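Visitor: Before I ask anything, let me first share the structure, which is written out below as structure tokens.
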Amino acid sequence: MPTPPLPVRYRALPVAVPVVALLVLGTIAWAAAWRIGADSAVYRAGALTLLRGEPLYDLEPLATLPDWVRLPFTYPPAAALLFVPLAAVPEGLAWGVLGAVSVLALAVTIRVCARDSCRWSRWGVVAALTVAALALEPVWKTLFLGQINLILMALVVVDVLVVCAPGRSSRWGGVLVGVAAAVKLTPLIFVAHLLFTGRWRDALRGLGTFVALQGLMFALIPGDVAKYWTQAVSDPERVGSVHWIFNQSLNGLLARLSGGASWAGPAAIGIGAALAVPAVWLVVRLYRRGEALPALLVTAAYGLLLSPVSWSHHWVWAVPLAVWLLGLGRYRLAVAVTAFFLIAVIMFVPNGAEAEFDWGPIAFTLGNAYVLAAAGVLLAAAVRERLRLSAGAPR
């Protein structure tokens with residue numbers, strides 16, 4: 001007689017462990033005044049600054065930051081409003097709460113991306129995959145820093161693959177993408193994704209949500225909104241040195257290659273524009289063939305390449321990529337992707353100050369591993385799709 005399956009609450013236990021652990025660690029961090037979660041401290045400080053009516057975009061770090069964090073608030077004004085719940089939580093505990101929510105968001109992302117595969121979509125397997133994904137450099141670094149990447153990814157995945165799924169009509173389609181873009185501008189690329197895949201109503205709704213949130217903030221803090229859109233948004237140096245190794249974008253690669261030359265930024269935009277042609281064509285082809293997840297992954301990879309600053313912890317999209325490969329039964333490729341982001345060779349290349357300007361060919365290749373891999377895979381996938389089309393595959 002077969003053994004009955006465990007209830008979902010027991011199968012999801014592996015996810016509960018890191019969630020509870022982060023909450024406990026957050027409590028300890030608060031009580032012991034640990035210096036952990038620099039980015040969550042910035043989120044919380046932005047919310048406190050908004051509530052106090054103080055300026056968000058002064059050059060100096062916010063007065064509401066702890067003395068060990070010297071970072072500016074680099075996010076759109078609406079982000080400060082959306083971060084307000086963190087203001088109600090003590091400093092270290094805010095890091096733990098954000099980390100716990102991030103782990104849950106990671107599990108949701110994996111569940112949605114695995115739903116077409118019965119084998120990988122079971123809750124017990126999803127829980128195990130979630131725990132395994134914590135070892136990947138973009139994921140553990142997101143949690144360590146108190147970043148919000150996993151939550152934003154979950155918002156996009158749920159919106160694009162569930163709410164805006166082909167054949168569905170929802171008046172909420174695109175809203176989550178708009179909310180994600182109001183926290184960080186980079187998810188705006190997914191508004192374009194919805195548009196190019198024929199979901200123009202959802203794209204307009206996403207853009208409208210983003211604009212409405214900016215309009216709300218203009219009514220509340222017009223000076224800060226004006227300063228952000230006229231000054232802060234065009235200054236990538238506010239988030240750190242663009243040439244630093246952990247900026248794994250085309251802009252970062254060219255800044256390192258050129259020794260920080262002024263032409264690097266425009267050249268990155270030019271290369272990004274050229275890459276848009278195969279990227280958009282590939283997205284449309286995949287989506288029309290019913291492959292919504294790989295189409296989304298292409299957009300995510302292109303967005304990471306195009307963004308002026310894509311820190312290595314922004315590359316959490318490696319997780320749905322590995323899950324998609326598992327669902328296809330391409331286990332070796334899934335293992336390769338996992339190993340690539342597990343080993344994270346960029347962690348071991350000399351960097352900092354201007355060390356990136358003195359790299360030789362090997363260090364340059366390893367130090368730009370995420371960028372080179374993503375650009376290479378994108379171009380290879382486009383060529384493969386073109387060959388498939390030439391061989392008589394349906395348009």
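How things are named: the first chain in the structure tokens is A, the next is B, and so on; residues count from 1 in each chain; ligands count from 1 in the order shown.
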Which of segment 136-378 of chain A end up as alpha helix (DSSP H) when DSSP is run on this backbone - answer as number ranges by chain?

Guide: A: 137-145, 149-158, 175-183, 189-196, 200-220, 222-230, 250-258, 264-288, 292-306, 318-328, 331-343, 361-367, 369-378

Visitor: What lies within 8 Å of segment 199-207 of chain A using only C-alpha atoms, ignoring chain neighbours under 6 positions off, as a ChimeraX atom specification?

Guide: /A:164,172-179,188,191-193

Visitor: Go ahead and write the residues just picked, all heavy atoms, as an mmCIF file, in the first residue's frame.

Guide:
```
data_model
loop_
_atom_site.group_PDB
_atom_site.id
_atom_site.type_symbol
_atom_site.label_atom_id
_atom_site.label_comp_id
_atom_site.auth_asym_id
_atom_site.auth_seq_id
_atom_site.Cartn_x
_atom_site.Cartn_y
_atom_site.Cartn_z
ATOM 1 N N CYS A 164 -0.614 37.889 -16.285
ATOM 2 C CA CYS A 164 -0.661 38.248 -17.715
ATOM 3 C C CYS A 164 -0.448 37.040 -18.614
ATOM 4 O O CYS A 164 -0.044 37.190 -19.769
ATOM 5 C CB CYS A 164 0.407 39.293 -18.032
ATOM 6 S SG CYS A 164 0.285 40.818 -17.113
ATOM 7 N N TRP A 172 -5.688 43.476 -13.512
ATOM 8 C CA TRP A 172 -4.510 43.709 -12.689
ATOM 9 C C TRP A 172 -3.214 43.418 -13.434
ATOM 10 O O TRP A 172 -2.126 43.600 -12.888
ATOM 11 C CB TRP A 172 -4.573 42.854 -11.424
ATOM 12 C CG TRP A 172 -5.752 43.187 -10.560
ATOM 13 C CD1 TRP A 172 -6.909 42.474 -10.434
ATOM 14 C CD2 TRP A 172 -5.904 44.337 -9.726
ATOM 15 N NE1 TRP A 172 -7.776 43.095 -9.573
ATOM 16 C CE2 TRP A 172 -7.179 44.248 -9.113
ATOM 17 C CE3 TRP A 172 -5.088 45.433 -9.418
ATOM 18 C CZ2 TRP A 172 -7.656 45.212 -8.230
ATOM 19 C CZ3 TRP A 172 -5.564 46.386 -8.533
ATOM 20 C CH2 TRP A 172 -6.823 46.278 -7.951
ATOM 21 N N GLY A 173 -3.312 42.962 -14.666
ATOM 22 C CA GLY A 173 -2.116 42.636 -15.431
ATOM 23 C C GLY A 173 -1.203 43.846 -15.596
ATOM 24 O O GLY A 173 -1.644 44.923 -15.990
ATOM 25 N N GLY A 174 0.068 43.677 -15.299
ATOM 26 C CA GLY A 174 1.049 44.748 -15.425
ATOM 27 C C GLY A 174 1.243 45.564 -14.168
ATOM 28 O O GLY A 174 2.249 46.277 -14.035
ATOM 29 N N VAL A 175 0.318 45.477 -13.226
ATOM 30 C CA VAL A 175 0.397 46.310 -12.023
ATOM 31 C C VAL A 175 1.634 45.969 -11.186
ATOM 32 O O VAL A 175 2.349 46.858 -10.710
ATOM 33 C CB VAL A 175 -0.887 46.177 -11.179
ATOM 34 C CG1 VAL A 175 -0.713 46.850 -9.825
ATOM 35 C CG2 VAL A 175 -2.075 46.780 -11.921
ATOM 36 N N LEU A 176 1.896 44.682 -11.000
ATOM 37 C CA LEU A 176 3.048 44.293 -10.190
ATOM 38 C C LEU A 176 4.367 44.716 -10.834
ATOM 39 O O LEU A 176 5.313 45.093 -10.143
ATOM 40 C CB LEU A 176 3.032 42.781 -9.948
ATOM 41 C CG LEU A 176 1.871 42.249 -9.103
ATOM 42 C CD1 LEU A 176 1.971 40.734 -8.949
ATOM 43 C CD2 LEU A 176 1.835 42.919 -7.733
ATOM 44 N N VAL A 177 4.422 44.651 -12.161
ATOM 45 C CA VAL A 177 5.615 45.134 -12.866
ATOM 46 C C VAL A 177 5.792 46.631 -12.615
ATOM 47 O O VAL A 177 6.905 47.110 -12.373
ATOM 48 C CB VAL A 177 5.510 44.844 -14.377
ATOM 49 C CG1 VAL A 177 6.575 45.616 -15.157
ATOM 50 C CG2 VAL A 177 5.663 43.354 -14.639
ATOM 51 N N GLY A 178 4.682 47.381 -12.665
ATOM 52 C CA GLY A 178 4.759 48.814 -12.388
ATOM 53 C C GLY A 178 5.221 49.113 -10.979
ATOM 54 O O GLY A 178 6.003 50.044 -10.755
ATOM 55 N N VAL A 179 4.762 48.323 -10.016
ATOM 56 C CA VAL A 179 5.187 48.501 -8.629
ATOM 57 C C VAL A 179 6.679 48.191 -8.492
ATOM 58 O O VAL A 179 7.429 48.922 -7.826
ATOM 59 C CB VAL A 179 4.356 47.612 -7.684
ATOM 60 C CG1 VAL A 179 4.950 47.608 -6.278
ATOM 61 C CG2 VAL A 179 2.903 48.076 -7.650
ATOM 62 N N LEU A 188 11.438 48.278 -15.532
ATOM 63 C CA LEU A 188 10.718 48.886 -16.653
ATOM 64 C C LEU A 188 10.933 48.104 -17.941
ATOM 65 O O LEU A 188 10.107 48.176 -18.856
ATOM 66 C CB LEU A 188 11.159 50.338 -16.841
ATOM 67 C CG LEU A 188 10.559 51.366 -15.882
ATOM 68 C CD1 LEU A 188 11.221 52.728 -16.078
ATOM 69 C CD2 LEU A 188 9.048 51.478 -16.069
ATOM 70 N N VAL A 191 7.990 46.093 -18.891
ATOM 71 C CA VAL A 191 6.887 46.774 -19.573
ATOM 72 C C VAL A 191 7.070 46.619 -21.079
ATOM 73 O O VAL A 191 6.122 46.311 -21.815
ATOM 74 C CB VAL A 191 6.832 48.263 -19.176
ATOM 75 C CG1 VAL A 191 5.807 49.011 -20.029
ATOM 76 C CG2 VAL A 191 6.514 48.415 -17.693
ATOM 77 N N ALA A 192 8.304 46.823 -21.543
ATOM 78 C CA ALA A 192 8.601 46.604 -22.959
ATOM 79 C C ALA A 192 8.371 45.146 -23.340
ATOM 80 O O ALA A 192 7.888 44.852 -24.446
ATOM 81 C CB ALA A 192 10.045 47.014 -23.249
ATOM 82 N N HIS A 193 8.715 44.227 -22.445
ATOM 83 C CA HIS A 193 8.489 42.800 -22.709
ATOM 84 C C HIS A 193 7.006 42.527 -22.957
ATOM 85 O O HIS A 193 6.648 41.820 -23.919
ATOM 86 C CB HIS A 193 8.976 41.972 -21.523
ATOM 87 C CG HIS A 193 8.716 40.510 -21.638
ATOM 88 N ND1 HIS A 193 9.598 39.632 -22.229
ATOM 89 C CD2 HIS A 193 7.642 39.757 -21.249
ATOM 90 C CE1 HIS A 193 9.094 38.417 -22.198
ATOM 91 N NE2 HIS A 193 7.912 38.458 -21.601
#
```

Visitor: For segment 147-159 of chain A, work out the shell of residues within 6 Å, counting only C-alpha atoms and skipping chain neighbours fewer than 3 positions away, then give it as a list in words.

Guide: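 Near neighbours after the sequence-gap exclusion: Asp39, Ser102, Ala105, Leu106, Thr109, Thr142, Val162, Val163, Cys164, Leu176, Val177 and Ala180 of chain A.
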
Visitor: So which residues touch Gly240 of chain A within 10 Å, counting only C-alpha atoms, skipping near sequence neighbours fewer than 6 positions away, as an NGL selection string?

Guide: :A and (71-72 or 247 or 309 or 311)

Visitor: Please write the residues from the selection above to a file, keeping N, CA and C atoms, as an mmCIF file, in the first residue's frame.

Guide:
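Contents of selection-v2.cif, freshly written:
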```
data_model
loop_
_atom_site.group_PDB
_atom_site.id
_atom_site.type_symbol
_atom_site.label_atom_id
_atom_site.label_comp_id
_atom_site.auth_asym_id
_atom_site.auth_seq_id
_atom_site.Cartn_x
_atom_site.Cartn_y
_atom_site.Cartn_z
ATOM 1 N N LEU A 71 25.933 55.266 2.600
ATOM 2 C CA LEU A 71 25.404 55.119 1.246
ATOM 3 C C LEU A 71 24.267 56.106 1.022
ATOM 4 N N PRO A 72 24.159 56.659 -0.200
ATOM 5 C CA PRO A 72 23.037 57.546 -0.500
ATOM 6 C C PRO A 72 21.782 56.754 -0.833
ATOM 7 N N ASN A 247 29.946 45.289 -10.782
ATOM 8 C CA ASN A 247 29.001 45.831 -11.748
ATOM 9 C C ASN A 247 29.104 44.995 -13.013
ATOM 10 N N VAL A 309 24.210 49.927 -14.276
ATOM 11 C CA VAL A 309 24.774 49.235 -13.117
ATOM 12 C C VAL A 309 23.948 47.987 -12.838
ATOM 13 N N TRP A 311 24.691 45.097 -10.368
ATOM 14 C CA TRP A 311 25.532 44.438 -9.381
ATOM 15 C C TRP A 311 25.334 42.928 -9.462
#
```

Visitor: Counting only C-alpha atoms, which residue out of A:Pro76, A:Arg388, A:Arg115, A:Leu50 sits closest to Val211 of chain A?

Guide: A:Pro76

Visitor: Set the distance at 12 Å and use only C-alpha atoms: which residues neighbour Val42 of chain A once local chain neighbours fewer than 2 positions away are removed? I'd like the list as a PyMOL selection string.

Guide: chain A and resi 36-40+44-49+56+61-75+79-80+83-84+86-87+91-92+94-95+145-148+239

Visitor: Near segment 315-329 of chain A, within 9 Å and counting only C-alpha atoms, which residues show up once chain neighbours fewer than 4 positions away are dropped, as a PyMOL selection string?

Guide: chain A and resi 106+109-110+113-121+129-130+133+136-139+142+149-150+153+248+293-294+297+300-301+304+310-311+333-338+341+370

Visitor: Would you work out the distance separating atom CA of Ala41 of chain A from atom CA of His314 of chain A, expressed in Å to one decimal?

Guide: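 Separation of atom CA of Ala41 of chain A and atom CA of His314 of chain A: 17.9 Å.
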